[in-house]
Each structure stands twice: as structure tokens, then as C-alpha cells.
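**Q** The following block contains the structure, expressed as C-alpha cells.
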Amino acid sequence: MQYFLISPDGDGHKNLARDEFFLNSLRPGDMILYLYINRNAVIIGRNQNPWRECNLNQLDADGVQLVRRVSGGGAVYHDQGNLNFSFICSEDRYSDAEQTGIILKTLEKLGIQAEVSGRNDITIEGRKFSGNAYCKRGDNRQRHGTLLVSAQLGVFDRYLNAPKQKLEAKGVTSVRARVCNLCEYAPGLTVERTARALREAYEDVYGPASDYPYTPEDIAEIDRLYAHHQSWEWRMGEAPHFDYTFENRFPWGMAQLCLSVENGSVVKAKLYTDSLDTGIPSRVEACLAGVRFEKQALSDAAAKAEGVGETLSAYILGKM
């Protein structure tokens with residue numbers, strides 16, 4: 001059985017929750033093409049560190065969602081000029097070549113000639129407009145990706161370049177590529193027209209597709225996954241281990257603070273200082289151990305360090 005669904009939401013967390021639901025729950029022999037559009041979101045890969053990949057302060061200031069997907073790969077920016085697709089099916093129906101062919105057929109319908117570059121990218125004249133990522137759960141396979149139709153390409157670096165800082169991290173690092181919008185090669189092209197062409201190409205290959213028949217239990221499970229995708233524990237706490245260091249001169253002396261972070265929380269803090277008060281390091285370290293690695297939480301915890309809390313707290317709040 002073939003299904004087709006366009007998400008009614010622009011919420012990145014809800015859209016990725018549905019995506020994971022289909023990956024977990026699609027019945028043997030079935031296939032779905034799921035399309036969705038996220039409004040102003042940065043999507044990071046399963047094994048990426050958001051503090052390394054993103055300018056988190058700028059995301060917060062602009063109201064841009066930070067979303068973590070279940071598949072690997074690098075970070076991307078989504079807005080309403082970006083159409084996202086997800087092919088999900090059982091192992092016996094999965095074909096990377098067929099699915100790539102559907103994307104190329106879609107572009108042909110729109111009067112655009114494109115080529116495959118490596119396994120993950122589809123390009124025009126060497127410029128990338130589609131990246132793909134993959135995941136497997138049980139007997140189901142997923143390939144999801146992007147089609148840049150009329151996205152705001154100029155804002156990529158505003159959100160996807162972390163501020164310079166002394167941060168050493170493991171995990172997958174995003175690789176920047178030359179990118180383009182499809183509308184540059186098909187003037188006036190819209191996301192809606194692209195979605196129609198993609199459905200036509202999908203049905204050309206697999207036959208007519210039906211709407212997905214949600215049950216009340218399905219809706220409840222999507223809501224559960226939605227809560228999970230929104231959670232700090234998933235978005236931030238899943239980051240690989242990393243070390244963060246900063247140095248600053250305070251009224252009480254020069255200080256270097258080294259934080260070892262695992263699962264999004266400080267597992268070890270070490271303060272080096274030339275202060276005459278030899279008790280400062282132990283007081284600061286005790287306050288920061290176990291605290292979430294987020295600006296407000298660290299600032300609040302540092303404020304409790306006797307004698308130095310006020311200045312250290314203000315520095316963390318203003319500089320991180």
C-alpha cells in the first residue's frame with residue numbers, strides 16, 4: 001500500500017515527531033511519502049553538538065527552533081521556502097535508486113535538469129539544493145531530505161556558525177557546500193507546485209497513493225513523540241561529550257574555568273586562578289557540578305559561589 005501526506009504544521013518538532021512515528025510504525029509492505037515545511041528552524045543531526053554547530057543566542061533572539069532529527073548528517077536551516085520529504089517503507093520495498101529517480105523526475109516535470117553528487121546530495125551545475133539523511137528502525141527504512149525551492153540562503157551563516165569559543169567537541173561536524181534555490185532555474189517556482197510535482201512523480205513510480213489512515217492510538221503516540229522532540233533532554237542533552245573553557249580577569253583575580261560536559265550537563269568543573277583566596281576554586285567547582293550546560297542555569301549556579309558569585313554569574317550571562 002502507498003500513502004502520501006503533507007503536514008498541516010510548520011512546527012519542526014511536530015513534523016519530526018510524525019516522521020519518527022512513521023519510521024517506527026509503518027506496516028510491512030507499506031510505503032509513505034511524507035512532506036512537511038518547517039518555519040524558521042535549525043535541524044541538527046543525531047550525533048551533533050548544538051553548541052558547536054549553532055549560534056544558540058541568535059536562535060533564541062530570533063525565535064528560531066532548534067530541532068534534532070533521528071538520522072545522522074549535518075545541520076541545516078529550514079524556512080517556508082524549503083520543502084522537506086521523507087520516504088519510509090519496509091526493507092523489502094526500499095530502493096535508493098528509485099527514490100533518487102523520483103526526485104530527478106520531479107525536477108524534470110518542473111523543467112530542471114539535475115545530477116546526483118555522491119550518495120547524499122543532488123545538485124545543479126555543482127550547486128547543492130538537496131541533501132539527504134538515512135535511518136533504520138526494525139524492518140523499516142527511511143530516507144529524508146530537503147528541496148531548496150525559495151529559501152533565504154543568506155541567513156544560513158547567521159544561525160549555523162557558532163561564535164568563536166574555546167570548545168573541544170566530538171561528534172559530526174557540518175560541511176558547508178555551495179547551495180542554490182530551484183527557483184533560480186525555474187523562475188516563479190513555489191513550494192506548493194514542487195510538492196504537486198513530487199507527488200506526481202511518486203505515483204508515476206509506485207501507483208496511486210492514499211491518505212494515511214490515523215487511528216486515535218496513532219495520534220496519542222505522535223503527541224508522545226512530539227513532547228520528546230521538544231524536550232531539552234533530546235535537543236541538547238543528547239550532545240556528545242565536549243569540553244568548554246573560558247578565561248577572564250575578574251576583580252578577585254585572573255581565572256580560567258574548564259567545564260567537562262556530558263549529556264548536556266557539567267560532569268566536572270575545574271577553576272584555575274591567581275586569586276589570593278585559595279578557597280575560590282573549590283567553591284565554584286562545587287556550585288557548577290551537575291548543572292545543565294545552558295547560560296541561565298550556569299549563571300544561576302555560579303551566583304551561589306561565596307565571594308565571587310556575583311561577578312562570575314554576570315560574566316557567564318553576558319558572554320556565553
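Identifiers for the C-alpha cells are assigned positionally: chains receive A, B, ... in sequence, residues are indexed from 1 per chain, and ligands are indexed from 1 in the order shown.
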For stretch 233-239 of chain A, find every residue with an atom within 6 Å (counting only C-alpha atoms), except residues of its own chain fewer than 6 positions away, and show them as a PDB file with C-alpha atoms, in the first residue's frame.

**A**
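Produced file around_11.pdb, reproduced below:
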ATOM      1  CA  ASN A  49      26.658  19.125  19.240  1.00  0.00           C
ATOM      2  CA  ARG A  68      17.270  17.320  16.442  1.00  0.00           C
ATOM      3  CA  ASN A 263      24.642  14.546  28.171  1.00  0.00           C
ATOM      4  CA  GLY A 264      24.227  18.308  28.293  1.00  0.00           C
TER       5      GLY A 264
END

**Q** Within 7 Å of stretch 99-106 of chain A, counting only C-alpha atoms, which residues show up once you throw out same-chain ones fewer than 3 positions away? Write them as a PyMOL selection string, please.

**A** chain A and resi 95-96+109-110+114+197-198+201-202

**Q** What's the separation between atom CA of A:Arg69 and atom CA of A:Glu98, in Å to one decimal place?

**A**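 Computing it gives 23.5 Å between the two atoms.
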
**Q** Which residue is closest to A:Leu107? Choose from A:Arg141, A:Arg158, A:Lys14, A:Arg196 and count only C-alpha atoms.

**A**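 The shortest atom-to-atom distance to A:Leu107 comes from A:Arg196.
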
**Q** Pick the closest to A:Lys319 from A:Asp121, A:Glu247, A:Asp9, A:Glu203: which is it, counting only C-alpha atoms?

**A**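 With only C-alpha atoms as the atom set, the closest residue is A:Glu247.
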
**Q** So that I can see what lies close to A:Tyr36, please list as a list of chain:residue names the residues with an atom at most 7 Å from it, counting only C-alpha atoms and leaving out residues fewer than 2 positions away in the same chain.

**A**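 Neighbouring residues, sequence-local ones excluded: A:Ile6, A:Ser7, A:Asn15, A:Tyr34, A:Asn38, A:Leu83, A:Asn84, A:Phe85.
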
**Q** Got time to write the residues from that selection, N, CA and C atoms, as a PDB file, in the first residue's frame?

**A**
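Below is the file part-v3.pdb, written as the result:
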ATOM      1  N   ILE A   6       0.924  15.428   3.415  1.00  0.00           N
ATOM      2  CA  ILE A   6       1.562  16.731   3.609  1.00  0.00           C
ATOM      3  C   ILE A   6       1.182  17.227   4.993  1.00  0.00           C
ATOM      4  N   SER A   7       2.164  17.549   5.809  1.00  0.00           N
ATOM      5  CA  SER A   7       1.897  18.010   7.164  1.00  0.00           C
ATOM      6  C   SER A   7       1.143  19.335   7.149  1.00  0.00           C
ATOM      7  N   ASN A  15       6.621  18.075  13.173  1.00  0.00           N
ATOM      8  CA  ASN A  15       6.878  17.430  11.891  1.00  0.00           C
ATOM      9  C   ASN A  15       7.875  16.278  12.019  1.00  0.00           C
ATOM     10  N   TYR A  34       6.098  11.415   2.868  1.00  0.00           N
ATOM     11  CA  TYR A  34       5.637  12.416   3.837  1.00  0.00           C
ATOM     12  C   TYR A  34       6.359  13.727   3.536  1.00  0.00           C
ATOM     13  N   ASN A  38       8.957  23.358   7.527  1.00  0.00           N
ATOM     14  CA  ASN A  38       9.230  23.935   8.850  1.00  0.00           C
ATOM     15  C   ASN A  38       9.406  25.439   8.728  1.00  0.00           C
ATOM     16  N   LEU A  83      11.151  22.703   1.039  1.00  0.00           N
ATOM     17  CA  LEU A  83      10.241  21.557   1.097  1.00  0.00           C
ATOM     18  C   LEU A  83      11.019  20.332   1.556  1.00  0.00           C
ATOM     19  N   ASN A  84      10.521  19.693   2.611  1.00  0.00           N
ATOM     20  CA  ASN A  84      11.171  18.506   3.159  1.00  0.00           C
ATOM     21  C   ASN A  84      10.382  17.265   2.774  1.00  0.00           C
ATOM     22  N   PHE A  85      11.105  16.226   2.391  1.00  0.00           N
ATOM     23  CA  PHE A  85      10.451  14.980   2.012  1.00  0.00           C
ATOM     24  C   PHE A  85      11.008  13.829   2.845  1.00  0.00           C
TER      25      PHE A  85
END

**Q** What is the atom CA of A:Leu66-atom CA of A:Asn40 distance in Å, reported with one decimal?

**A**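 Separating atom CA of A:Leu66 from atom CA of A:Asn40 is a distance of 9.2 Å.
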